[in-house]
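Below: the structure, in structure tokens.
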Amino acid sequence: MCFLPESTVQKAMVQKWKITIPELTGDEERGVYVYLPEAYDYEPDRRYGVLYMFDGHNVFFDSDATYGKCWGMKEYMDRTGTQLIIAAVECNHDPDNGRLKEYTPFPFQEASIGRVEAKGRFTMEWMVHTFKKEIDRRYRTLPDREHTFIAGSSMGGLMSLYALLEYNAYFSRAAALSPSLWVAPDSLAQMIRNAQLPSDCVLYMDYGEKELSGRKAMLNTFARVTAKLQKKGILLESRIVPGGTHCEASWERQIPFFMNTLLYQQTRV
């Protein structure tokens with residue numbers, strides 16, 4: 001992995017720098033976005049929990065977002081004074097299913113796009129062994145599992161669920177918005193059954209009402225996955241969002257809900 005020299009990093013509320021991920025896309029650069037909370041500069045001895053997010057280009061700025069509308073995470077964090085670092089990495093934009101490959105733990109077949117190779121494990125191995133280490137080196141983090149969270153939507157939501165189940169040694173809490181549960185549901189069910197988890201795992205998971213409208217199979221899948229997660233002992237907040245759709249504007253409106261879940265009874269963030 002290649003990082004720009006630290007001297008090129010501009011000091012700002014959301015710092016932006018470039019990386020490469022040789023294991024996934026060779027020398028191709030992609031953006032990193034790091035939100036530093038209000039107190040970061042004037043409380044030099046304070047350390048912070050970290051929320052890792054997928055699709056980093058969609059998290060903070062409309063100008064960088066794929067469809068011209070971001071989540072608005074910076075505005076929410078500024079408005080609420082939430083003292084948490086957010087570290088988000090841009091996805092793979094390769095038209096040959098680049099994002100889907102990196103954001104799925106299971107290979108799958110879809111009529112409109114063909115067979116998709118699974119590189120989700122490579123993505124998570126890079127995230128926990130390379131990217132997280134760099135974030136912990138550059139910033140004053142609380143690097144322990146208790147204060148490390150992960151979140152995403154759609155395929156990023158599936159990856160957040162995967163991270164909680166398979167990389168629980170690093171992430172204690174996750175938020176999966178509109179997760180792509182339709183990807184290899186049998187493999188996902190087996191992963192849930194086989195997961196070895198402590199009793200303190202927290203998960204927020206939702207689907208938009210309009211996403212599920214007329215899709216009985218998807219509603220049933222959501223219900224089955226929810227039941228399996230609860231049976232596993234995960235502390236789960238599950239919602240069907242009134243009027244919710246599959247887009248950043250809808251996910252932005254869910255920020256207070258999933259952030260309250262991620263930070264519930266957290267005393268050092």
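Following the order of the structure tokens, chains are lettered A, B, ..., residues in each are numbered from 1, and ligands are numbered from 1.
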So that I can check the surroundings of region 173-182 of chain A, please list as a PDB file with all heavy atoms, in the first residue's frame every protein, DNA and RNA residue that reaches within 6 Å of it, counting only C-alpha atoms and ignoring chain neighbours fewer than 2 positions away.
ATOM      1  N   PHE A 149     -15.702   0.737  14.987  1.00  0.00           N
ATOM      2  CA  PHE A 149     -16.994   0.415  14.382  1.00  0.00           C
ATOM      3  C   PHE A 149     -16.871   0.429  12.861  1.00  0.00           C
ATOM      4  O   PHE A 149     -15.893   0.927  12.313  1.00  0.00           O
ATOM      5  CB  PHE A 149     -18.062   1.432  14.817  1.00  0.00           C
ATOM      6  CG  PHE A 149     -17.955   1.851  16.264  1.00  0.00           C
ATOM      7  CD1 PHE A 149     -17.819   3.192  16.612  1.00  0.00           C
ATOM      8  CD2 PHE A 149     -17.982   0.909  17.277  1.00  0.00           C
ATOM      9  CE1 PHE A 149     -17.712   3.582  17.940  1.00  0.00           C
ATOM     10  CE2 PHE A 149     -17.873   1.286  18.613  1.00  0.00           C
ATOM     11  CZ  PHE A 149     -17.736   2.627  18.942  1.00  0.00           C
ATOM     12  N   ILE A 150     -17.897  -0.066  12.194  1.00  0.00           N
ATOM     13  CA  ILE A 150     -17.874  -0.092  10.733  1.00  0.00           C
ATOM     14  C   ILE A 150     -19.299   0.074  10.208  1.00  0.00           C
ATOM     15  O   ILE A 150     -20.258  -0.381  10.847  1.00  0.00           O
ATOM     16  CB  ILE A 150     -17.229  -1.399  10.219  1.00  0.00           C
ATOM     17  CG1 ILE A 150     -16.908  -1.301   8.731  1.00  0.00           C
ATOM     18  CG2 ILE A 150     -18.078  -2.621  10.576  1.00  0.00           C
ATOM     19  CD1 ILE A 150     -15.914  -2.355   8.258  1.00  0.00           C
ATOM     20  N   ALA A 151     -19.446   0.748   9.053  1.00  0.00           N
ATOM     21  CA  ALA A 151     -20.781   1.019   8.514  1.00  0.00           C
ATOM     22  C   ALA A 151     -20.735   1.144   7.008  1.00  0.00           C
ATOM     23  O   ALA A 151     -19.715   1.524   6.423  1.00  0.00           O
ATOM     24  CB  ALA A 151     -21.357   2.309   9.122  1.00  0.00           C
ATOM     25  N   GLY A 152     -21.864   0.837   6.389  1.00  0.00           N
ATOM     26  CA  GLY A 152     -21.996   0.997   4.951  1.00  0.00           C
ATOM     27  C   GLY A 152     -23.408   0.717   4.500  1.00  0.00           C
ATOM     28  O   GLY A 152     -24.263   0.298   5.298  1.00  0.00           O
ATOM     29  N   SER A 153     -23.649   0.940   3.217  1.00  0.00           N
ATOM     30  CA  SER A 153     -24.982   0.734   2.659  1.00  0.00           C
ATOM     31  C   SER A 153     -24.894  -0.150   1.424  1.00  0.00           C
ATOM     32  O   SER A 153     -23.857  -0.217   0.755  1.00  0.00           O
ATOM     33  CB  SER A 153     -25.626   2.072   2.280  1.00  0.00           C
ATOM     34  OG  SER A 153     -24.849   2.716   1.275  1.00  0.00           O
ATOM     35  N   SER A 154     -25.988  -0.824   1.119  1.00  0.00           N
ATOM     36  CA  SER A 154     -26.073  -1.676  -0.061  1.00  0.00           C
ATOM     37  C   SER A 154     -24.991  -2.759   0.021  1.00  0.00           C
ATOM     38  O   SER A 154     -24.903  -3.492   1.004  1.00  0.00           O
ATOM     39  CB  SER A 154     -25.977  -0.818  -1.323  1.00  0.00           C
ATOM     40  OG  SER A 154     -26.331  -1.541  -2.476  1.00  0.00           O
ATOM     41  N   MET A 155     -24.107  -2.873  -0.968  1.00  0.00           N
ATOM     42  CA  MET A 155     -23.022  -3.849  -0.867  1.00  0.00           C
ATOM     43  C   MET A 155     -22.091  -3.509   0.302  1.00  0.00           C
ATOM     44  O   MET A 155     -21.542  -4.403   0.959  1.00  0.00           O
ATOM     45  CB  MET A 155     -22.227  -3.894  -2.165  1.00  0.00           C
ATOM     46  CG  MET A 155     -22.984  -4.427  -3.367  1.00  0.00           C
ATOM     47  SD  MET A 155     -23.542  -6.140  -3.231  1.00  0.00           S
ATOM     48  CE  MET A 155     -21.978  -7.032  -3.311  1.00  0.00           C
ATOM     49  N   GLY A 157     -23.209  -2.315   3.037  1.00  0.00           N
ATOM     50  CA  GLY A 157     -23.949  -2.824   4.183  1.00  0.00           C
ATOM     51  C   GLY A 157     -23.694  -4.302   4.391  1.00  0.00           C
ATOM     52  O   GLY A 157     -23.533  -4.779   5.525  1.00  0.00           O
ATOM     53  N   LEU A 158     -23.659  -5.065   3.292  1.00  0.00           N
ATOM     54  CA  LEU A 158     -23.316  -6.485   3.369  1.00  0.00           C
ATOM     55  C   LEU A 158     -21.909  -6.657   3.942  1.00  0.00           C
ATOM     56  O   LEU A 158     -21.669  -7.526   4.796  1.00  0.00           O
ATOM     57  CB  LEU A 158     -23.404  -7.117   1.984  1.00  0.00           C
ATOM     58  CG  LEU A 158     -22.970  -8.586   1.886  1.00  0.00           C
ATOM     59  CD1 LEU A 158     -23.890  -9.488   2.691  1.00  0.00           C
ATOM     60  CD2 LEU A 158     -22.933  -9.037   0.424  1.00  0.00           C
ATOM     61  N   SER A 160     -20.334  -4.623   5.920  1.00  0.00           N
ATOM     62  CA  SER A 160     -20.329  -4.264   7.337  1.00  0.00           C
ATOM     63  C   SER A 160     -20.821  -5.430   8.188  1.00  0.00           C
ATOM     64  O   SER A 160     -20.277  -5.710   9.268  1.00  0.00           O
ATOM     65  CB  SER A 160     -21.194  -3.023   7.561  1.00  0.00           C
ATOM     66  OG  SER A 160     -20.668  -1.912   6.867  1.00  0.00           O
ATOM     67  N   PHE A 171     -13.854  -5.232  15.142  1.00  0.00           N
ATOM     68  CA  PHE A 171     -15.052  -4.386  15.138  1.00  0.00           C
ATOM     69  C   PHE A 171     -16.089  -4.951  16.107  1.00  0.00           C
ATOM     70  O   PHE A 171     -16.539  -6.080  15.960  1.00  0.00           O
ATOM     71  CB  PHE A 171     -15.662  -4.333  13.731  1.00  0.00           C
ATOM     72  CG  PHE A 171     -14.699  -3.898  12.664  1.00  0.00           C
ATOM     73  CD1 PHE A 171     -14.096  -4.830  11.829  1.00  0.00           C
ATOM     74  CD2 PHE A 171     -14.389  -2.556  12.499  1.00  0.00           C
ATOM     75  CE1 PHE A 171     -13.203  -4.434  10.847  1.00  0.00           C
ATOM     76  CE2 PHE A 171     -13.497  -2.154  11.516  1.00  0.00           C
ATOM     77  CZ  PHE A 171     -12.897  -3.087  10.689  1.00  0.00           C
ATOM     78  N   PRO A 185     -27.551 -15.914  -0.320  1.00  0.00           N
ATOM     79  CA  PRO A 185     -28.188 -16.006   0.991  1.00  0.00           C
ATOM     80  C   PRO A 185     -27.851 -17.282   1.755  1.00  0.00           C
ATOM     81  O   PRO A 185     -27.763 -17.260   2.990  1.00  0.00           O
ATOM     82  CB  PRO A 185     -29.684 -15.917   0.672  1.00  0.00           C
ATOM     83  CG  PRO A 185     -29.797 -16.250  -0.772  1.00  0.00           C
ATOM     84  CD  PRO A 185     -28.541 -15.787  -1.412  1.00  0.00           C
ATOM     85  N   CYS A 201     -21.762  -7.908  20.879  1.00  0.00           N
ATOM     86  CA  CYS A 201     -21.813  -7.423  19.495  1.00  0.00           C
ATOM     87  C   CYS A 201     -23.094  -6.634  19.251  1.00  0.00           C
ATOM     88  O   CYS A 201     -24.192  -7.099  19.565  1.00  0.00           O
ATOM     89  CB  CYS A 201     -21.762  -8.598  18.521  1.00  0.00           C
ATOM     90  SG  CYS A 201     -20.238  -9.525  18.609  1.00  0.00           S
ATOM     91  N   VAL A 202     -22.947  -5.463  18.639  1.00  0.00           N
ATOM     92  CA  VAL A 202     -24.082  -4.577  18.375  1.00  0.00           C
ATOM     93  C   VAL A 202     -24.202  -4.371  16.871  1.00  0.00           C
ATOM     94  O   VAL A 202     -23.206  -4.108  16.190  1.00  0.00           O
ATOM     95  CB  VAL A 202     -23.900  -3.224  19.091  1.00  0.00           C
ATOM     96  CG1 VAL A 202     -25.003  -2.248  18.687  1.00  0.00           C
ATOM     97  CG2 VAL A 202     -23.882  -3.416  20.603  1.00  0.00           C
ATOM     98  N   LEU A 203     -25.431  -4.471  16.377  1.00  0.00           N
ATOM     99  CA  LEU A 203     -25.678  -4.277  14.942  1.00  0.00           C
ATOM    100  C   LEU A 203     -26.936  -3.464  14.725  1.00  0.00           C
ATOM    101  O   LEU A 203     -27.987  -3.752  15.308  1.00  0.00           O
ATOM    102  CB  LEU A 203     -25.833  -5.636  14.245  1.00  0.00           C
ATOM    103  CG  LEU A 203     -26.244  -5.601  12.772  1.00  0.00           C
ATOM    104  CD1 LEU A 203     -25.161  -4.953  11.909  1.00  0.00           C
ATOM    105  CD2 LEU A 203     -26.557  -7.008  12.265  1.00  0.00           C
ATOM    106  N   TYR A 204     -26.819  -2.442  13.879  1.00  0.00           N
ATOM    107  CA  TYR A 204     -27.978  -1.731  13.344  1.00  0.00           C
ATOM    108  C   TYR A 204     -28.171  -2.208  11.909  1.00  0.00           C
ATOM    109  O   TYR A 204     -27.224  -2.230  11.116  1.00  0.00           O
ATOM    110  CB  TYR A 204     -27.748  -0.216  13.359  1.00  0.00           C
ATOM    111  CG  TYR A 204     -28.816   0.564  12.619  1.00  0.00           C
ATOM    112  CD1 TYR A 204     -29.900   1.093  13.307  1.00  0.00           C
ATOM    113  CD2 TYR A 204     -28.757   0.742  11.239  1.00  0.00           C
ATOM    114  CE1 TYR A 204     -30.893   1.800  12.627  1.00  0.00           C
ATOM    115  CE2 TYR A 204     -29.750   1.429  10.558  1.00  0.00           C
ATOM    116  CZ  TYR A 204     -30.810   1.951  11.259  1.00  0.00           C
ATOM    117  OH  TYR A 204     -31.792   2.625  10.589  1.00  0.00           O
ATOM    118  N   MET A 205     -29.407  -2.580  11.545  1.00  0.00           N
ATOM    119  CA  MET A 205     -29.677  -3.021  10.179  1.00  0.00           C
ATOM    120  C   MET A 205     -31.062  -2.540   9.770  1.00  0.00           C
ATOM    121  O   MET A 205     -32.029  -2.678  10.529  1.00  0.00           O
ATOM    122  CB  MET A 205     -29.607  -4.551  10.087  1.00  0.00           C
ATOM    123  CG  MET A 205     -29.645  -5.069   8.651  1.00  0.00           C
ATOM    124  SD  MET A 205     -29.176  -6.827   8.522  1.00  0.00           S
ATOM    125  CE  MET A 205     -30.536  -7.623   9.368  1.00  0.00           C
ATOM    126  N   ASP A 206     -31.174  -1.971   8.568  1.00  0.00           N
ATOM    127  CA  ASP A 206     -32.475  -1.488   8.131  1.00  0.00           C
ATOM    128  C   ASP A 206     -32.693  -1.746   6.651  1.00  0.00           C
ATOM    129  O   ASP A 206     -31.775  -2.118   5.913  1.00  0.00           O
ATOM    130  CB  ASP A 206     -32.656   0.005   8.466  1.00  0.00           C
ATOM    131  CG  ASP A 206     -31.792   0.952   7.617  1.00  0.00           C
ATOM    132  OD1 ASP A 206     -31.302   0.543   6.550  1.00  0.00           O
ATOM    133  OD2 ASP A 206     -31.614   2.114   8.028  1.00  0.00           O
ATOM    134  N   TYR A 207     -33.928  -1.561   6.238  1.00  0.00           N
ATOM    135  CA  TYR A 207     -34.316  -1.559   4.824  1.00  0.00           C
ATOM    136  C   TYR A 207     -35.389  -0.502   4.645  1.00  0.00           C
ATOM    137  O   TYR A 207     -36.203  -0.253   5.542  1.00  0.00           O
ATOM    138  CB  TYR A 207     -34.864  -2.917   4.379  1.00  0.00           C
ATOM    139  CG  TYR A 207     -33.902  -3.688   3.505  1.00  0.00           C
ATOM    140  CD1 TYR A 207     -33.038  -4.616   4.058  1.00  0.00           C
ATOM    141  CD2 TYR A 207     -33.850  -3.467   2.129  1.00  0.00           C
ATOM    142  CE1 TYR A 207     -32.143  -5.309   3.272  1.00  0.00           C
ATOM    143  CE2 TYR A 207     -32.953  -4.163   1.331  1.00  0.00           C
ATOM    144  CZ  TYR A 207     -32.112  -5.084   1.907  1.00  0.00           C
ATOM    145  OH  TYR A 207     -31.221  -5.765   1.118  1.00  0.00           O
TER     146      TYR A 207
END
For Thr104 (chain A): contacts at 8 Å, only C-alpha atoms, fewer than 5 positions along chain excluded, given as a compact mmCIF listing (two decimals) with C-alpha atoms, in the first residue's frame:
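As written to disk, part.txt reads:
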# COMPACT_ATOMS: atom_id res chain seq x y z
CA ALA A 118 -15.59 -12.42 -4.44
CA LYS A 119 -12.79 -10.17 -3.20
CA GLY A 120 -14.44 -9.14 0.06
CA MET A 155 -23.02 -3.85 -0.87
CA LEU A 158 -23.32 -6.48 3.37
CA MET A 159 -19.61 -5.92 3.99
CA VAL A 183 -26.13 -12.03 -2.54
Counting only C-alpha atoms, which residue out of A:Asp136, A:Glu90, A:Asp55, A:Glu23 sits closest to Thr148 (chain A)?
A:Asp136
Using only C-alpha atoms: which of A:Ser213, A:Thr261, A:Asn58, A:Asn220 has the shortest distance to Gly244 (chain A)
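Counting only C-alpha atoms, the residue closest to Gly244 (chain A) is A:Ser213.
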Could you find all residues in region 55-222 of chain A that DSSP calls helix (DSSP H, G or I) from the backbone, and write them as a PyMOL selection string?
chain A and resi 56-58+73-80+98-102+120-138+145-147+155-166+185-194+209-212+216-222
File of the preceding selection, C-alpha atoms, as a PDB file, in the first residue's frame:
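Listing of result-v6.pdb after writing:
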ATOM      1  CA  GLY A  56     -15.892   6.937   1.156  1.00  0.00           C
ATOM      2  CA  HIS A  57     -16.484   9.259  -1.822  1.00  0.00           C
ATOM      3  CA  ASN A  58     -20.214   9.243  -0.953  1.00  0.00           C
ATOM      4  CA  MET A  73     -21.960  12.841   7.624  1.00  0.00           C
ATOM      5  CA  LYS A  74     -19.854  15.958   8.205  1.00  0.00           C
ATOM      6  CA  GLU A  75     -22.937  18.118   8.770  1.00  0.00           C
ATOM      7  CA  TYR A  76     -24.370  15.594  11.204  1.00  0.00           C
ATOM      8  CA  MET A  77     -21.123  15.250  13.140  1.00  0.00           C
ATOM      9  CA  ASP A  78     -20.617  19.013  13.296  1.00  0.00           C
ATOM     10  CA  ARG A  79     -24.216  19.663  14.305  1.00  0.00           C
ATOM     11  CA  THR A  80     -24.245  17.065  17.091  1.00  0.00           C
ATOM     12  CA  GLY A  98     -15.038  -3.506  -9.554  1.00  0.00           C
ATOM     13  CA  ARG A  99     -17.109  -2.331  -6.624  1.00  0.00           C
ATOM     14  CA  LEU A 100     -19.196  -5.501  -6.473  1.00  0.00           C
ATOM     15  CA  LYS A 101     -16.102  -7.710  -6.438  1.00  0.00           C
ATOM     16  CA  GLU A 102     -14.455  -5.810  -3.601  1.00  0.00           C
ATOM     17  CA  GLY A 120     -14.443  -9.141   0.058  1.00  0.00           C
ATOM     18  CA  ARG A 121     -11.943 -11.058   2.152  1.00  0.00           C
ATOM     19  CA  PHE A 122      -9.029  -9.289   0.419  1.00  0.00           C
ATOM     20  CA  THR A 123     -10.769  -5.972   1.134  1.00  0.00           C
ATOM     21  CA  MET A 124     -11.217  -6.725   4.827  1.00  0.00           C
ATOM     22  CA  GLU A 125      -7.701  -8.127   5.237  1.00  0.00           C
ATOM     23  CA  TRP A 126      -6.353  -4.892   3.779  1.00  0.00           C
ATOM     24  CA  MET A 127      -8.655  -2.816   5.961  1.00  0.00           C
ATOM     25  CA  VAL A 128      -7.701  -4.400   9.279  1.00  0.00           C
ATOM     26  CA  HIS A 129      -4.019  -5.144   8.626  1.00  0.00           C
ATOM     27  CA  THR A 130      -2.995  -2.108   6.545  1.00  0.00           C
ATOM     28  CA  PHE A 131      -5.528   0.726   6.585  1.00  0.00           C
ATOM     29  CA  LYS A 132      -6.501   0.501  10.251  1.00  0.00           C
ATOM     30  CA  LYS A 133      -2.847   0.366  11.244  1.00  0.00           C
ATOM     31  CA  GLU A 134      -2.181   3.524   9.240  1.00  0.00           C
ATOM     32  CA  ILE A 135      -5.160   5.342  10.782  1.00  0.00           C
ATOM     33  CA  ASP A 136      -4.000   4.328  14.266  1.00  0.00           C
ATOM     34  CA  ARG A 137      -0.477   5.542  13.433  1.00  0.00           C
ATOM     35  CA  ARG A 138      -1.483   8.912  11.998  1.00  0.00           C
ATOM     36  CA  ARG A 145     -12.169  -3.444  19.433  1.00  0.00           C
ATOM     37  CA  GLU A 146     -14.587  -1.753  21.848  1.00  0.00           C
ATOM     38  CA  HIS A 147     -14.090   1.628  20.168  1.00  0.00           C
ATOM     39  CA  MET A 155     -23.022  -3.849  -0.867  1.00  0.00           C
ATOM     40  CA  GLY A 156     -21.193  -1.810   1.781  1.00  0.00           C
ATOM     41  CA  GLY A 157     -23.949  -2.824   4.183  1.00  0.00           C
ATOM     42  CA  LEU A 158     -23.316  -6.485   3.369  1.00  0.00           C
ATOM     43  CA  MET A 159     -19.615  -5.919   3.990  1.00  0.00           C
ATOM     44  CA  SER A 160     -20.329  -4.264   7.337  1.00  0.00           C
ATOM     45  CA  LEU A 161     -22.330  -7.309   8.405  1.00  0.00           C
ATOM     46  CA  TYR A 162     -19.516  -9.550   7.148  1.00  0.00           C
ATOM     47  CA  ALA A 163     -16.971  -7.507   9.120  1.00  0.00           C
ATOM     48  CA  LEU A 164     -18.949  -7.890  12.350  1.00  0.00           C
ATOM     49  CA  LEU A 165     -19.278 -11.650  11.857  1.00  0.00           C
ATOM     50  CA  GLU A 166     -15.827 -12.542  10.536  1.00  0.00           C
ATOM     51  CA  PRO A 185     -28.188 -16.006   0.991  1.00  0.00           C
ATOM     52  CA  ASP A 186     -27.297 -19.637   1.756  1.00  0.00           C
ATOM     53  CA  SER A 187     -23.623 -18.711   2.226  1.00  0.00           C
ATOM     54  CA  LEU A 188     -24.614 -15.796   4.448  1.00  0.00           C
ATOM     55  CA  ALA A 189     -26.842 -18.051   6.580  1.00  0.00           C
ATOM     56  CA  GLN A 190     -23.964 -20.495   7.014  1.00  0.00           C
ATOM     57  CA  MET A 191     -21.599 -17.673   7.963  1.00  0.00           C
ATOM     58  CA  ILE A 192     -24.017 -16.514  10.651  1.00  0.00           C
ATOM     59  CA  ARG A 193     -24.364 -20.066  12.005  1.00  0.00           C
ATOM     60  CA  ASN A 194     -20.599 -20.568  12.142  1.00  0.00           C
ATOM     61  CA  GLU A 209     -40.152   0.553   3.008  1.00  0.00           C
ATOM     62  CA  LYS A 210     -40.177   1.387  -0.713  1.00  0.00           C
ATOM     63  CA  GLU A 211     -37.222  -0.938  -1.351  1.00  0.00           C
ATOM     64  CA  LEU A 212     -39.295  -3.837  -0.023  1.00  0.00           C
ATOM     65  CA  LYS A 216     -41.976 -10.409  -0.787  1.00  0.00           C
ATOM     66  CA  ALA A 217     -38.884 -12.567  -1.285  1.00  0.00           C
ATOM     67  CA  MET A 218     -36.607  -9.742  -0.110  1.00  0.00           C
ATOM     68  CA  LEU A 219     -38.823  -9.045   2.901  1.00  0.00           C
ATOM     69  CA  ASN A 220     -38.710 -12.719   3.819  1.00  0.00           C
ATOM     70  CA  THR A 221     -34.926 -12.772   3.471  1.00  0.00           C
ATOM     71  CA  PHE A 222     -34.614  -9.721   5.712  1.00  0.00           C
TER      72      PHE A 222
END
Given only C-alpha atoms as the basis, pick out the residue of A:Val241, A:Leu229, A:Leu84, A:Met13 nearest to Leu263 (chain A).
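Under the stated criterion, the closest residue is A:Leu84.
The shortest atom-to-atom distance to Asp62 (chain A), with only C-alpha atoms taken into account, belongs to A:Glu248 out of A:Gln109, A:Pro198, A:Glu248, A:Arg30.
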Correct to one decimal, the distance CA of Ile255 (chain A)-CA of Pro105 (chain A) is 25.1 Å
Could you tell me, as an MDAnalysis selection string, which residues of region 26-79 of chain A DSSP assigns to strand (DSSP E) when given the backbone?
chainID A and resid 29:35 50:53
At a cut-off of 10 Å, using only C-alpha atoms, what residues contact Arg253 (chain A)? Leave out same-chain residues fewer than 3 positions from it and give the result as a list in words.
Trp71, Gly72, Val241, Gly244, Glu248, Ala249, Ser250, Pro256, Phe257 and Phe258 of chain A
Please dump the current selection as a CSV table (one decimal), in the first residue's frame; keep all heavy atoms.
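Saved file out01.csv follows:
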chain,number,residue,atom,x,y,z
A,71,TRP,N,-23.9,11.4,1.9
A,71,TRP,CA,-24.6,11.1,3.1
A,71,TRP,C,-24.8,12.3,4.0
A,71,TRP,O,-25.7,12.3,4.9
A,71,TRP,CB,-23.9,10.0,3.9
A,71,TRP,CG,-24.0,8.6,3.4
A,71,TRP,CD1,-23.8,8.2,2.1
A,71,TRP,CD2,-24.2,7.5,4.2
A,71,TRP,NE1,-23.9,6.9,2.0
A,71,TRP,CE2,-24.2,6.4,3.3
A,71,TRP,CE3,-24.5,7.2,5.5
A,71,TRP,CZ2,-24.4,5.0,3.7
A,71,TRP,CZ3,-24.7,5.9,5.9
A,71,TRP,CH2,-24.7,4.8,5.0
A,72,GLY,N,-23.9,13.3,3.9
A,72,GLY,CA,-24.0,14.4,4.8
A,72,GLY,C,-23.5,14.1,6.2
A,72,GLY,O,-23.9,14.7,7.2
A,241,VAL,N,-37.7,1.3,7.3
A,241,VAL,CA,-37.7,2.8,7.3
A,241,VAL,C,-39.0,3.2,6.6
A,241,VAL,O,-39.1,3.0,5.4
A,241,VAL,CB,-36.5,3.4,6.7
A,241,VAL,CG1,-36.5,4.9,6.6
A,241,VAL,CG2,-35.2,2.9,7.4
A,244,GLY,N,-38.6,4.8,3.1
A,244,GLY,CA,-37.2,4.7,2.8
A,244,GLY,C,-37.0,4.1,1.4
A,244,GLY,O,-37.7,3.2,0.9
A,248,GLU,N,-28.6,7.7,-1.2
A,248,GLU,CA,-27.9,8.4,-0.2
A,248,GLU,C,-28.8,9.4,0.6
A,248,GLU,O,-28.6,9.6,1.8
A,248,GLU,CB,-26.7,9.2,-0.8
A,248,GLU,CG,-25.5,8.4,-1.0
A,248,GLU,CD,-25.6,7.4,-2.2
A,248,GLU,OE1,-26.5,7.6,-3.0
A,248,GLU,OE2,-24.9,6.4,-2.2
A,249,ALA,N,-29.7,10.0,-0.1
A,249,ALA,CA,-30.6,10.9,0.6
A,249,ALA,C,-31.4,10.2,1.7
A,249,ALA,O,-31.7,10.8,2.8
A,249,ALA,CB,-31.6,11.6,-0.4
A,250,SER,N,-31.9,9.0,1.4
A,250,SER,CA,-32.6,8.2,2.4
A,250,SER,C,-31.7,7.8,3.5
A,250,SER,O,-32.0,7.8,4.7
A,250,SER,CB,-33.3,7.0,1.7
A,250,SER,OG,-34.1,6.3,2.7
A,256,PRO,N,-29.1,9.6,12.4
A,256,PRO,CA,-29.3,9.6,13.9
A,256,PRO,C,-29.6,8.3,14.5
A,256,PRO,O,-29.2,8.0,15.6
A,256,PRO,CB,-30.5,10.6,14.0
A,256,PRO,CG,-30.5,11.4,12.8
A,256,PRO,CD,-30.0,10.5,11.7
A,257,PHE,N,-30.3,7.4,13.7
A,257,PHE,CA,-30.7,6.1,14.2
A,257,PHE,C,-29.5,5.2,14.4
A,257,PHE,O,-29.3,4.6,15.4
A,257,PHE,CB,-31.8,5.5,13.3
A,257,PHE,CG,-33.1,6.2,13.3
A,257,PHE,CD1,-33.3,7.2,12.3
A,257,PHE,CD2,-34.1,6.0,14.2
A,257,PHE,CE1,-34.5,7.8,12.2
A,257,PHE,CE2,-35.3,6.7,14.2
A,257,PHE,CZ,-35.5,7.6,13.2
A,258,PHE,N,-28.7,5.1,13.3
A,258,PHE,CA,-27.6,4.1,13.4
A,258,PHE,C,-26.5,4.7,14.3
A,258,PHE,O,-25.8,3.9,15.0
A,258,PHE,CB,-27.1,3.7,12.0
A,258,PHE,CG,-26.2,4.6,11.3
A,258,PHE,CD1,-24.9,4.8,11.6
A,258,PHE,CD2,-26.7,5.3,10.1
A,258,PHE,CE1,-24.1,5.6,10.8
A,258,PHE,CE2,-25.9,6.1,9.4
A,258,PHE,CZ,-24.6,6.2,9.7
